[in-house]
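J.: Sharing run-v8.cif, mmCIF, C-alpha atoms:
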```
data_my_file
loop_
_atom_site.label_atom_id
_atom_site.label_comp_id
_atom_site.auth_asym_id
_atom_site.auth_seq_id
_atom_site.Cartn_x
_atom_site.Cartn_y
_atom_site.Cartn_z
CA MET A 22 -9.17 18.27 15.17
CA PRO A 23 -7.16 17.85 11.94
CA GLU A 24 -7.18 20.48 9.22
CA PRO A 25 -9.37 19.46 6.26
CA PHE A 26 -6.31 19.15 3.99
CA GLU A 27 -4.90 16.51 6.35
CA LEU A 28 -7.78 14.08 5.78
CA SER A 29 -7.45 10.98 3.61
CA VAL A 30 -9.83 10.28 0.72
CA ALA A 31 -11.98 8.00 2.87
CA GLU A 32 -11.93 10.40 5.82
CA SER A 33 -12.91 13.33 3.59
CA ALA A 34 -15.80 11.42 2.02
CA SER A 35 -17.04 10.24 5.41
CA SER A 36 -16.81 13.72 6.97
CA ILE A 37 -18.76 15.24 4.09
CA ARG A 38 -21.47 12.57 4.27
CA ARG A 39 -21.83 13.07 8.04
CA ARG A 40 -22.05 16.87 7.54
CA GLU A 41 -18.98 17.38 9.72
CA LEU A 42 -17.25 19.09 6.81
CA SER A 43 -18.54 20.75 3.67
CA SER A 44 -17.03 20.14 0.26
CA VAL A 45 -16.46 23.89 0.00
CA GLU A 46 -14.46 23.93 3.23
CA LEU A 47 -12.38 21.01 2.02
CA VAL A 48 -11.65 22.60 -1.36
CA GLU A 49 -10.77 25.93 0.24
CA SER A 50 -8.39 24.19 2.65
CA LEU A 51 -6.66 22.35 -0.20
CA LEU A 52 -6.41 25.45 -2.38
CA ASN A 53 -4.86 27.38 0.50
CA ARG A 54 -2.43 24.54 0.98
CA ILE A 55 -1.55 24.61 -2.71
CA ASP A 56 -1.08 28.39 -2.62
CA ALA A 57 1.35 27.99 0.27
CA LEU A 58 3.41 25.11 -1.14
CA GLU A 59 3.14 25.16 -4.92
CA PRO A 60 5.75 27.89 -5.49
CA LYS A 61 8.28 25.61 -3.79
CA LEU A 62 7.14 22.12 -4.87
CA LYS A 63 5.89 22.72 -8.44
CA ALA A 64 3.46 19.78 -8.49
CA TRP A 65 0.63 21.28 -10.57
CA VAL A 66 0.23 22.09 -14.27
CA TYR A 67 -3.36 23.35 -14.29
CA LEU A 68 -5.73 24.63 -11.60
CA ASP A 69 -8.99 26.54 -12.11
CA ARG A 70 -9.85 27.71 -8.61
CA GLU A 71 -13.15 29.36 -9.52
CA SER A 72 -14.42 26.29 -11.35
CA VAL A 73 -13.37 23.91 -8.57
CA LEU A 74 -14.99 26.08 -5.89
CA SER A 75 -18.15 26.38 -7.97
CA GLU A 76 -18.33 22.60 -8.34
CA ALA A 77 -17.79 22.17 -4.60
CA GLN A 78 -20.70 24.50 -3.93
CA GLU A 79 -22.88 22.48 -6.32
CA LYS A 80 -21.89 19.25 -4.58
CA GLN A 81 -22.68 20.74 -1.19
CA SER A 82 -26.04 22.09 -2.38
CA ALA A 83 -26.93 18.65 -3.72
CA LEU A 84 -26.03 17.04 -0.41
CA ASP A 85 -28.03 19.65 1.51
CA SER A 86 -30.99 18.76 -0.70
CA GLY A 87 -30.66 15.09 0.16
CA ILE A 88 -28.92 14.07 -3.08
CA GLU A 89 -25.77 11.95 -2.73
CA LEU A 90 -23.85 11.34 -5.93
CA GLY A 91 -21.67 8.48 -4.77
CA PRO A 92 -18.89 7.30 -2.44
CA LEU A 93 -16.57 10.21 -3.34
CA HIS A 94 -19.19 12.95 -3.12
CA GLY A 95 -17.40 16.30 -2.91
CA VAL A 96 -13.86 14.88 -2.64
CA PRO A 97 -11.20 16.55 -4.85
CA ILE A 98 -8.86 14.25 -6.82
CA GLY A 99 -5.74 15.24 -8.77
CA LEU A 100 -5.15 14.02 -12.33
CA LYS A 101 -1.78 13.29 -13.86
CA ASP A 102 -1.56 15.45 -16.98
CA ILE A 103 -2.08 12.55 -19.38
CA TYR A 104 -5.72 11.92 -18.37
CA HIS A 105 -8.36 13.43 -20.62
CA ASN A 106 -10.73 15.74 -18.77
CA ALA A 107 -13.18 17.27 -21.25
CA GLY A 108 -12.55 20.97 -21.84
CA ILE A 109 -9.36 21.00 -19.72
CA PRO A 110 -5.87 21.08 -21.29
CA THR A 111 -4.05 17.74 -21.37
CA THR A 112 -0.50 18.71 -22.27
CA ALA A 113 1.48 15.63 -21.13
CA CYS A 114 3.93 18.36 -20.02
CA SER A 115 5.21 18.52 -23.59
CA LYS A 116 5.54 21.18 -26.27
CA ILE A 117 3.99 18.65 -28.63
CA TYR A 118 0.65 18.65 -26.76
CA ALA A 119 0.84 22.22 -25.48
CA ASP A 120 -2.47 23.22 -27.12
CA PHE A 121 -4.38 19.94 -26.81
CA VAL A 122 -7.78 20.15 -25.12
CA PRO A 123 -9.76 16.87 -25.21
CA ASP A 124 -13.52 16.89 -25.77
CA TYR A 125 -14.19 13.78 -23.70
CA ASP A 126 -13.28 12.30 -20.32
CA ALA A 127 -11.02 9.32 -19.78
CA THR A 128 -13.11 6.39 -18.54
CA THR A 129 -11.43 6.64 -15.14
CA VAL A 130 -12.23 10.36 -14.93
CA ALA A 131 -15.85 9.72 -15.91
CA LEU A 132 -16.14 7.05 -13.20
CA LEU A 133 -14.62 9.35 -10.58
CA LYS A 134 -17.09 12.07 -11.52
CA ARG A 135 -19.96 9.57 -11.40
CA ALA A 136 -18.86 8.71 -7.85
CA GLY A 137 -19.16 12.41 -6.94
CA ALA A 138 -15.48 13.36 -7.02
CA ILE A 139 -14.26 16.81 -8.04
CA MET A 140 -11.37 17.00 -10.49
CA LEU A 141 -9.06 19.33 -8.61
CA GLY A 142 -6.51 19.94 -11.36
CA LYS A 143 -3.72 18.48 -13.47
CA THR A 144 -0.48 17.34 -11.85
CA VAL A 145 2.98 17.45 -13.37
CA THR A 146 4.22 14.44 -15.29
CA THR A 147 7.56 13.84 -16.94
CA GLU A 148 7.17 14.48 -20.68
CA PHE A 149 4.68 11.95 -22.06
CA ALA A 150 5.14 9.95 -18.84
CA CYS A 151 8.67 8.95 -19.84
CA MET A 152 12.19 9.39 -18.49
CA ASP A 153 13.21 13.06 -18.60
CA PRO A 154 12.90 14.51 -15.08
CA SER A 155 10.12 16.99 -14.34
CA ARG A 156 10.35 20.29 -12.48
CA THR A 157 8.61 18.88 -9.38
CA ILE A 158 10.50 19.01 -6.06
CA ASN A 159 10.71 16.23 -3.47
CA PRO A 160 9.05 17.63 -0.31
CA TRP A 161 11.37 15.62 1.95
CA ASN A 162 14.53 17.19 0.53
CA PRO A 163 14.75 19.44 -2.54
CA VAL A 164 18.06 18.04 -3.76
CA HIS A 165 16.66 14.50 -4.02
CA THR A 166 14.55 13.22 -6.91
CA PRO A 167 10.78 12.91 -6.32
CA GLY A 168 10.65 10.04 -8.81
CA GLY A 169 8.59 9.85 -11.95
CA SER A 170 6.77 9.82 -14.12
CA SER A 171 3.88 10.54 -11.74
CA SER A 172 6.00 13.06 -9.85
CA GLY A 173 3.37 15.77 -9.44
CA SER A 174 0.69 13.35 -8.23
CA ALA A 175 3.05 11.82 -5.66
CA VAL A 176 4.30 15.13 -4.32
CA ALA A 177 0.80 16.65 -4.19
CA VAL A 178 -0.44 13.72 -2.09
CA ALA A 179 2.65 13.58 0.15
CA ALA A 180 2.52 17.33 0.84
CA ARG A 181 -1.23 17.11 1.51
CA MET A 182 -2.24 19.33 -1.40
CA CYS A 183 -4.77 16.61 -2.24
CA SER A 184 -5.62 13.29 -0.65
CA GLY A 185 -5.50 11.23 -3.85
CA ALA A 186 -4.27 11.58 -7.41
CA LEU A 187 -4.21 9.42 -10.51
CA GLY A 188 -0.91 8.27 -11.96
CA SER A 189 0.14 5.67 -14.51
CA GLN A 190 2.82 2.99 -14.71
CA THR A 191 4.61 1.61 -17.75
CA VAL A 192 7.71 0.55 -15.81
CA GLY A 193 7.73 2.09 -12.32
CA SER A 194 5.93 5.41 -12.50
CA VAL A 195 3.48 4.90 -9.62
CA LEU A 196 5.27 2.64 -7.15
CA ARG A 197 8.64 4.42 -7.30
CA PRO A 198 7.42 8.00 -6.65
CA ALA A 199 5.15 6.61 -3.94
CA ALA A 200 8.17 5.12 -2.16
CA TYR A 201 10.30 8.23 -2.71
CA ASN A 202 7.60 10.44 -1.17
CA GLY A 203 6.51 8.27 1.75
CA ILE A 204 2.98 7.46 0.54
CA VAL A 205 0.97 4.54 -0.84
CA GLY A 206 1.11 3.73 -4.55
CA PHE A 207 -1.19 1.16 -6.10
CA LYS A 208 -1.11 -0.58 -9.49
CA PRO A 209 -3.90 -3.07 -10.24
CA THR A 210 -3.65 -6.10 -12.50
CA PHE A 211 -3.02 -5.19 -16.15
CA GLY A 212 -6.47 -4.63 -17.67
CA ARG A 213 -8.35 -4.40 -14.37
CA VAL A 214 -9.00 -0.66 -14.91
CA SER A 215 -9.61 1.00 -18.27
CA ARG A 216 -6.91 3.11 -19.91
CA HIS A 217 -9.26 4.75 -22.43
CA GLY A 218 -8.55 8.47 -22.62
CA VAL A 219 -5.05 8.21 -21.14
CA VAL A 220 -2.18 9.39 -23.36
CA PRO A 221 -0.25 6.17 -24.05
CA VAL A 222 3.36 5.16 -23.76
CA SER A 223 3.21 1.44 -24.52
CA TRP A 224 -0.08 -0.28 -25.33
CA SER A 225 0.96 -3.66 -23.85
CA LEU A 226 2.50 -2.26 -20.65
CA ASP A 227 0.59 0.89 -19.64
CA THR A 228 -1.36 0.44 -16.41
CA VAL A 229 -3.54 2.96 -14.60
CA GLY A 230 -2.57 3.52 -10.96
CA TRP A 231 -2.97 6.04 -8.16
CA LEU A 232 -1.18 7.74 -5.29
CA VAL A 233 -2.87 7.99 -1.90
CA ARG A 234 -1.99 8.13 1.78
CA THR A 235 -3.64 4.92 3.04
CA VAL A 236 -4.40 1.43 1.81
CA GLU A 237 -8.09 2.11 2.48
CA ASP A 238 -7.94 4.98 -0.02
CA ALA A 239 -6.33 2.68 -2.59
CA ALA A 240 -9.21 0.22 -2.16
CA LEU A 241 -11.85 2.95 -2.35
CA LEU A 242 -10.53 4.33 -5.65
CA LEU A 243 -10.28 0.82 -7.10
CA GLN A 244 -13.88 0.16 -6.08
CA VAL A 245 -14.95 3.25 -8.01
CA MET A 246 -12.88 2.71 -11.18
CA VAL A 247 -12.81 -1.07 -11.65
CA GLY A 248 -14.67 -2.74 -14.48
CA PRO A 249 -14.79 -3.61 -18.18
CA ASP A 250 -14.76 -0.94 -20.88
CA PRO A 251 -15.56 -1.61 -24.55
CA LYS A 252 -13.39 1.41 -25.41
CA ASP A 253 -10.25 -0.33 -24.08
CA PRO A 254 -9.57 -3.67 -25.81
CA VAL A 255 -7.45 -4.98 -22.92
CA ALA A 256 -9.93 -4.04 -20.17
CA SER A 257 -10.89 -7.22 -18.33
CA ARG A 258 -14.41 -8.52 -17.84
CA GLU A 259 -13.38 -10.42 -14.70
CA THR A 260 -15.88 -9.96 -11.90
CA SER A 261 -14.71 -7.69 -9.10
CA PRO A 262 -15.39 -8.19 -5.38
CA ASN A 263 -16.06 -5.49 -2.80
CA TYR A 264 -12.54 -4.30 -2.07
CA LEU A 265 -13.52 -2.28 0.99
CA GLU A 266 -15.10 -5.33 2.59
CA ALA A 267 -11.80 -7.14 2.12
CA LEU A 268 -10.20 -4.67 4.53
CA VAL A 269 -12.55 -5.50 7.39
CA GLY A 270 -10.58 -7.45 9.98
CA PRO A 271 -7.64 -8.48 7.74
CA THR A 272 -5.51 -11.27 9.15
CA ALA A 273 -1.83 -12.13 8.90
CA SER A 274 -0.70 -13.51 5.55
CA ARG A 275 1.67 -16.06 4.10
CA ILE A 276 4.32 -13.79 2.65
CA GLY A 277 6.94 -14.81 0.12
CA LEU A 278 10.09 -12.73 0.64
CA ILE A 279 12.10 -12.22 -2.55
CA ARG A 280 15.79 -11.61 -1.86
CA GLN A 281 17.12 -12.95 -5.17
CA PHE A 282 17.79 -10.21 -7.75
CA PHE A 283 16.42 -7.46 -5.49
CA TYR A 284 19.13 -7.80 -2.85
CA ASP A 285 21.75 -8.08 -5.59
CA HIS A 286 20.87 -4.56 -6.74
CA ALA A 287 19.92 -2.90 -3.42
CA ASP A 288 22.20 -0.98 -1.08
CA VAL A 289 23.08 -2.32 2.37
CA GLU A 290 20.56 -0.12 4.18
CA THR A 291 17.69 -1.24 1.94
CA ARG A 292 18.55 -4.94 2.35
CA ARG A 293 18.76 -4.56 6.11
CA HIS A 294 15.52 -2.60 6.17
CA VAL A 295 13.52 -5.23 4.24
CA ASP A 296 14.85 -7.99 6.50
CA GLU A 297 13.71 -5.92 9.48
CA VAL A 298 10.27 -5.40 7.90
CA ALA A 299 9.95 -9.14 7.33
CA GLU A 300 10.83 -9.80 10.99
CA ARG A 301 8.32 -7.19 12.18
CA LEU A 302 5.60 -8.79 10.08
CA ARG A 303 6.61 -12.23 11.32
CA GLY A 304 6.45 -10.96 14.90
CA ALA A 305 2.96 -9.62 14.22
CA GLY A 306 1.80 -13.06 13.06
CA ALA A 307 2.68 -13.41 9.37
CA THR A 308 4.32 -16.51 7.95
CA ILE A 309 7.47 -15.51 6.06
CA GLU A 310 9.20 -17.80 3.58
CA GLU A 311 11.85 -16.94 1.02
CA VAL A 312 10.87 -17.71 -2.57
CA PRO A 313 13.11 -17.97 -5.66
CA LEU A 314 12.61 -16.12 -8.92
CA PRO A 315 12.31 -17.91 -12.27
CA ASP A 316 15.15 -17.92 -14.78
CA SER A 317 13.08 -15.70 -17.08
CA MET A 318 13.70 -12.80 -14.67
CA ALA A 319 17.20 -12.47 -16.14
CA THR A 320 15.99 -10.81 -19.36
CA ALA A 321 12.68 -9.34 -18.17
CA PHE A 322 13.81 -5.76 -17.60
CA ASP A 323 15.77 -5.43 -20.85
CA ASP A 324 12.87 -6.94 -22.79
CA GLN A 325 10.50 -4.49 -21.13
CA GLN A 326 12.69 -1.58 -22.22
CA THR A 327 12.69 -2.87 -25.81
CA ILE A 328 8.91 -3.30 -25.88
CA MET A 329 8.34 0.14 -24.37
CA ALA A 330 10.66 1.80 -26.89
CA VAL A 331 9.08 0.12 -29.93
CA GLU A 332 5.47 0.68 -28.87
CA GLY A 333 6.22 4.22 -27.72
CA ALA A 334 7.85 4.95 -31.07
CA ALA A 335 4.77 3.61 -32.89
CA PHE A 336 2.57 6.15 -31.08
CA HIS A 337 4.94 9.09 -31.48
CA GLN A 338 6.19 8.45 -35.03
CA PRO A 339 3.90 10.90 -36.88
CA MET A 340 4.68 13.72 -34.44
CA PHE A 341 8.34 12.75 -34.14
CA GLU A 342 8.88 12.96 -37.90
CA GLN A 343 7.68 16.56 -37.86
CA ARG A 344 8.91 17.81 -34.46
CA ALA A 345 11.77 15.65 -33.18
CA GLY A 346 13.58 18.71 -31.86
CA ASP A 347 10.68 19.56 -29.54
CA TYR A 348 11.08 16.34 -27.56
CA GLN A 349 13.27 16.22 -24.46
CA PRO A 350 16.56 14.29 -24.82
CA LYS A 351 15.79 10.99 -23.07
CA LEU A 352 12.39 10.59 -24.72
CA ARG A 353 13.86 11.55 -28.08
CA GLU A 354 16.53 8.87 -27.66
CA MET A 355 13.92 6.26 -26.68
CA ILE A 356 11.76 6.99 -29.72
CA GLY A 357 14.78 6.85 -32.01
CA ARG A 358 15.83 3.54 -30.48
CA GLY A 359 12.32 2.15 -30.91
CA LEU A 360 12.14 3.20 -34.55
CA ALA A 361 15.53 1.53 -35.19
CA THR A 362 14.59 -1.78 -33.53
CA ASP A 363 13.90 -4.56 -36.03
CA ALA A 364 10.80 -6.75 -35.94
CA ALA A 365 12.69 -9.90 -34.94
CA THR A 366 14.17 -8.21 -31.86
CA TYR A 367 10.75 -6.94 -30.81
CA SER A 368 9.16 -10.35 -31.42
CA ARG A 369 11.78 -12.18 -29.36
CA ALA A 370 11.28 -9.70 -26.50
CA LEU A 371 7.53 -10.37 -26.61
CA GLU A 372 8.09 -14.12 -26.62
CA ARG A 373 10.41 -14.02 -23.60
CA ARG A 374 7.99 -11.73 -21.81
CA ARG A 375 5.19 -14.22 -22.35
CA GLN A 376 7.27 -16.85 -20.56
CA PHE A 377 8.05 -14.38 -17.78
CA ILE A 378 4.33 -13.66 -17.29
CA THR A 379 3.55 -17.37 -16.98
CA ASP A 380 6.42 -17.95 -14.56
CA MET A 381 5.50 -15.02 -12.33
CA GLU A 382 1.84 -15.97 -12.22
CA LEU A 383 2.86 -19.41 -11.00
CA LEU A 384 5.18 -17.87 -8.40
CA SER A 385 2.43 -15.54 -7.15
CA GLU A 386 0.15 -18.50 -6.44
CA ARG A 387 2.60 -20.09 -3.97
CA VAL A 388 1.83 -17.56 -1.21
CA ASP A 389 -0.78 -14.93 -0.35
CA VAL A 390 1.51 -12.05 -1.33
CA LEU A 391 5.10 -11.50 -2.38
CA LEU A 392 7.37 -8.98 -0.61
CA SER A 393 10.27 -6.99 -2.05
CA PRO A 394 11.92 -3.61 -1.55
CA SER A 395 10.15 -0.83 -3.45
CA THR A 396 13.40 0.76 -4.65
CA PRO A 397 17.12 -0.17 -4.62
CA THR A 398 17.91 2.84 -2.40
CA PRO A 399 16.16 5.80 -0.80
CA PRO A 400 15.69 8.68 -3.28
CA LEU A 401 19.12 9.77 -4.47
CA ALA A 402 20.51 13.30 -4.46
CA ASP A 403 20.40 13.35 -8.26
CA LEU A 404 17.92 15.55 -10.13
CA THR A 405 19.10 14.46 -13.58
CA ASN A 406 16.84 11.40 -13.56
CA THR A 407 13.72 10.04 -11.84
CA GLY A 408 15.44 7.15 -10.05
CA ASN A 409 16.02 3.50 -10.82
CA PRO A 410 12.83 1.67 -11.98
CA LEU A 411 14.45 -1.78 -11.80
CA PHE A 412 12.41 -2.97 -8.81
CA GLN A 413 8.96 -1.90 -10.02
CA GLY A 414 9.35 -2.85 -13.67
CA PRO A 415 8.93 -6.61 -13.22
CA TRP A 416 5.43 -6.24 -11.75
CA THR A 417 4.33 -4.04 -14.66
CA SER A 418 5.84 -6.38 -17.23
CA CYS A 419 4.12 -9.46 -15.84
CA GLY A 420 0.92 -7.54 -15.09
CA LEU A 421 0.55 -8.56 -11.43
CA PRO A 422 -1.19 -6.19 -9.00
CA ALA A 423 1.28 -4.40 -6.72
CA ILE A 424 1.27 -1.85 -3.93
CA SER A 425 4.05 0.14 -2.31
CA ILE A 426 3.57 1.15 1.32
CA PRO A 427 5.90 3.41 3.31
CA SER A 428 7.79 1.62 6.03
CA VAL A 429 10.63 3.63 7.58
CA ILE A 430 12.71 6.79 7.37
CA ALA A 431 16.20 6.06 6.07
CA GLU A 432 19.42 7.39 7.60
CA SER A 433 19.30 10.18 5.00
CA GLY A 434 15.98 11.41 6.41
CA LEU A 435 14.08 10.26 3.33
CA PRO A 436 11.44 7.51 3.17
CA LEU A 437 11.80 3.88 2.21
CA GLY A 438 8.98 1.55 1.21
CA VAL A 439 8.24 -2.09 0.55
CA GLN A 440 6.21 -3.66 -2.24
CA LEU A 441 3.55 -6.32 -1.88
CA ILE A 442 2.44 -8.26 -4.95
CA ALA A 443 -0.36 -10.78 -5.51
CA ALA A 444 -1.69 -13.13 -8.17
CA PRO A 445 -3.62 -11.79 -11.19
CA PHE A 446 -6.94 -10.18 -10.21
CA ALA A 447 -6.28 -10.92 -6.53
CA GLU A 448 -6.47 -7.25 -5.58
CA ALA A 449 -8.79 -8.00 -2.64
CA ARG A 450 -6.20 -10.32 -1.10
CA LEU A 451 -3.39 -7.85 -1.86
CA LEU A 452 -5.22 -4.90 -0.30
CA ALA A 453 -6.14 -6.94 2.79
CA ALA A 454 -2.50 -7.97 3.25
CA ALA A 455 -1.34 -4.40 2.66
CA SER A 456 -3.83 -3.04 5.19
CA TRP A 457 -2.66 -5.55 7.80
CA SER A 458 0.99 -4.73 7.03
CA GLU A 459 0.29 -0.99 7.12
CA ALA A 460 -1.06 -1.35 10.66
CA ALA A 461 1.88 -3.52 11.73
CA LEU A 462 4.49 -1.08 10.36
CA ASN A 463 2.62 2.03 11.57
CA PHE A 464 4.47 4.57 9.41
CA GLN A 465 3.42 8.07 10.59
CA SER A 466 6.07 10.42 9.22
CA LEU A 467 5.26 13.43 7.04
CA PRO A 468 7.56 15.52 4.84
CA PRO A 469 8.91 18.63 6.59
CA VAL A 470 7.17 21.21 4.42
CA ASP A 471 5.12 23.05 7.07
#
```
The structure in this file should be written as structure tokens.

T.:
Amino acid sequence: MPEPFELSVAESASSIRRRELSSVELVESLLNRIDALEPKLKAWVYLDRESVLSEAQEKQSALDSGIELGPLHGVPIGLKDIYHNAGIPTTACSKIYADFVPDYDATTVALLKRAGAIMLGKTVTTEFACMDPSRTINPWNPVHTPGGSSSGSAVAVAARMCSGALGSQTVGSVLRPAAYNGIVGFKPTFGRVSRHGVVPVSWSLDTVGWLVRTVEDAALLLQVMVGPDPKDPVASRETSPNYLEALVGPTASRIGLIRQFFYDHADVETRRHVDEVAERLRGAGATIEEVPLPDSMATAFDDQQTIMAVEGAAFHQPMFEQRAGDYQPKLREMIGRGLATDAATYSRALERRRQFITDMELLSERVDVLLSPSTPTPPLADLTNTGNPLFQGPWTSCGLPAISIPSVIAESGLPLGVQLIAAPFAEARLLAAASWSEAALNFQSLPPVD
């Protein structure tokens, strides 16, 4: 019988509904796990144990009285420290926001609560979800980066301090830490899930995402949080299917393997690994065909960096003018670069990005899903940065839904992952393909923190 902290989101919810586990027992198990590991891993910014236990008791009392509040009833979820949770500090791990306490919930947080989830606490982010590394430690090896910016969420899930946690992605801040920590990271189509109440980096790039341990959990959280929101002007009104039903009996897919660009920038082990993954999926029944990238890929990453810097500078300018010295070095440099960028440069970057979006949407329609390495290498032994976002950035820039699933342990003893990508708003197809691939790859390894 597994310990409660070992259960996935879906397993926890099911066990609570079937009265095999109480929400109180689950919360106590997770808090004990956090007490044991947090001094070493440093994944959390804010935890209120008494409040969380009290809420778990309320959830259990409701269930005992025959009241079910939703599909996540009594399940604790971690929040990256840029999500507003009314009455709880949202510091963005920055001196600038050190005293900020929002008086309303982010739309995603409100939807999680409506589904019965308990907000377990705030996880560490790099400052304002940007480049400067956080204090969080990779549970696989402390001298290797855990990735960022959703470093605390990724590490908390990988080390089984919670079964799911919200993150965000402007370039690669969900998919990269997921790969570096051997877990699942999911980013829906741009606009599929509301960003209202999330501290922004770049209004035209920011995408809500989450870190979990299974593809089923990724689908369950999407099912809860999907939908339009009048408070977010880019939130889509596209109808959404039942994502959990899409996972029932998934079949082999037509997979477009992308070697161009990705193999040019990956190390030998990563290239060999992705070829092996493709052969394993082919052997399990998938159709694999190599697909080329459009010419617009050549400038996509640099344009993304320009857009992020300019739009990030627009948000930070009033605070930056008063408190530039309180920002960490890499974020300070990015804001300064954004403020110095002229309108013509920004406009040309937007124009090229628009072409890139069109080209990538067309590419995504040629197959069921695209396949690429998640990262150029396993997590490097370098704590001065959060790793190379080059392989996740394209999917954020063009807005396609993407998922990273763990696939193998590298020669270094650290995890490697692969990314699957689908057409706009084709999350059901993407999740079905990811679930099938997850079963075929059968990754079972856990970080050696026990």

J.: Give one line per residue of range 45-72 of chain A that approaches range 109-114 of chain A to at most 10 Å, naming the two atoms of the closest pair and their distance in Å to one decimal, counting all atoms listed in the file; sort by chain then ascending residue number and deliver it as JSON lines.

T.:
```
{"residue": "A:Val66", "atom": "CA", "partner": "A:Cys114", "partner_atom": "CA", "distance": 7.8}
{"residue": "A:Tyr67", "atom": "CA", "partner": "A:Pro110", "partner_atom": "CA", "distance": 7.8}
{"residue": "A:Leu68", "atom": "CA", "partner": "A:Ile109", "partner_atom": "CA", "distance": 9.6}
{"residue": "A:Asp69", "atom": "CA", "partner": "A:Ile109", "partner_atom": "CA", "distance": 9.4}
```

J.: Report, in Å with one decimal, the straight-line distance from CA of Ala287 in chain A to CA of Ser171 in chain A.

T.: 22.5 Å

J.: Name every residue that the PyMOL selection byres ((chain A and resi 148) around 12) selects in this structure, writing the answer as a PyMOL selection string with chains first and numbers rising.

T.: chain A and resi 101-103+111-119+145-147+149-156+169-173+220-222+347-353+407

J.: Please report, as a Markdown table, each residue of range 279-385 of chain A lying at most 9 Å from range 390-399 of chain A, together with the nearest pair of atoms and the separation in Å rounded to one decimal; use only C-alpha atoms, and order rows by chain and ascending residue number.

T.:
```
| residue | atom | partner | partner_atom | distance |
| --- | --- | --- | --- | --- |
| A:Ile279 | CA | A:Ser393 | CA | 5.6 |
| A:Arg280 | CA | A:Ser393 | CA | 7.2 |
| A:Phe283 | CA | A:Ser393 | CA | 7.1 |
| A:Tyr284 | CA | A:Pro397 | CA | 8.1 |
| A:His286 | CA | A:Pro397 | CA | 6.2 |
| A:Ala287 | CA | A:Pro397 | CA | 4.1 |
| A:Asp288 | CA | A:Thr398 | CA | 5.9 |
| A:Val289 | CA | A:Thr398 | CA | 8.7 |
| A:Glu290 | CA | A:Thr398 | CA | 7.7 |
| A:Thr291 | CA | A:Thr398 | CA | 6.0 |
| A:Arg292 | CA | A:Pro394 | CA | 7.8 |
| A:His294 | CA | A:Pro394 | CA | 8.6 |
| A:Val295 | CA | A:Pro394 | CA | 6.2 |
| A:Ala299 | CA | A:Leu392 | CA | 8.4 |
| A:Val312 | CA | A:Leu391 | CA | 8.5 |
| A:Leu384 | CA | A:Leu391 | CA | 8.8 |
| A:Ser385 | CA | A:Leu391 | CA | 6.8 |
```

J.: Write out as number ranges by chain which residues come within 8 Å of range 76-80 of chain A when counting all atoms listed in the file, dropping same-chain ones fewer than 2 positions away.

T.: A: 44-45, 48, 72-74, 82-84, 94-95, 137, 139

J.: Here is a test: counting only C-alpha atoms, which residue of A:Gln81, A:Pro163, A:Gly108, A:Pro315 is nearest to Asp403 in chain A?

T.: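 Among A:Gln81, A:Pro163, A:Gly108, A:Pro315, it is A:Pro163 that comes nearest to Asp403 in chain A.
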
J.: To one decimal place, how far is CA of Gly408 in chain A from CA of Phe341 in chain A in Å?

T.: 25.7 Å

J.: Can you translate the PyMOL selection byres ((chain A and resi 24-38) around 10) into the concrete residues it hits in this file, as an MDAnalysis selection string?

T.: chainID A and resid 22:23 39:55 81 84 89 91:98 137:138 178 180:186 233:235 237:242

J.: By how many Å are CA of His337 in chain A and CA of Ser225 in chain A apart?

T.: 15.4 Å

J.: I'd like the neighbourhood of Ile442 in chain A as a PyMOL selection string, where a residue qualifies if any of its atoms comes within 12 Å (using only C-alpha atoms), though same-chain residues fewer than 4 positions away should be ignored.

T.: chain A and resi 196+207-210+275-279+381-382+384-395+412-413+415-417+419-426+446-455

J.: Which of these residues is nearest to Ser466 in chain A, using only C-alpha atoms: A:Leu268, A:Leu187, A:Met340, A:Ala179?

T.: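 Closest residue, counting only C-alpha atoms: A:Ala179.
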
J.: Residues picked by the PyMOL selection byres ((chain A and resi 246-262) around 6) here, as a VMD selection string?

T.: chain A and resid 129 132 212 to 215 217 243 to 245 263 to 264

J.: For a quick check of understanding, using all atoms listed in the file, which of A:Pro436, A:Gly218, A:Gly357, A:Pro198 has the smallest distance to Pro469 in chain A?

T.: A:Pro436

J.: Determine, counting all atoms listed in the file, every residue of protein, DNA or RNA that lies within 12 Å of (6.5, -15.5, -24.1) in the file coordinates, then give the result as a ChimeraX atom specification.

T.: /A:317,320-321,324,367-381,418-419

J.: Counting all atoms listed in the file, which of A:Val470, A:Ala319, A:Ala431, A:Pro160 gets nearest to Arg293 in chain A?

T.: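 Once distances to Arg293 in chain A are computed over all atoms listed in the file, the minimum belongs to A:Ala431.
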
J.: Which one of A:Ala334, A:Val439, A:Gly346, A:Ala444 sits closest to Thr362 in chain A if you count all atoms listed in the file?

T.: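 The shortest atom-to-atom distance to Thr362 in chain A comes from A:Ala334.
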
J.: Between A:Ser75, A:Asn202, A:Ser174, A:Thr144, which has the minimum distance to Gly434 in chain A (counting all atoms listed in the file)?

T.: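 For Gly434 in chain A, the nearest of the given residues is A:Asn202.
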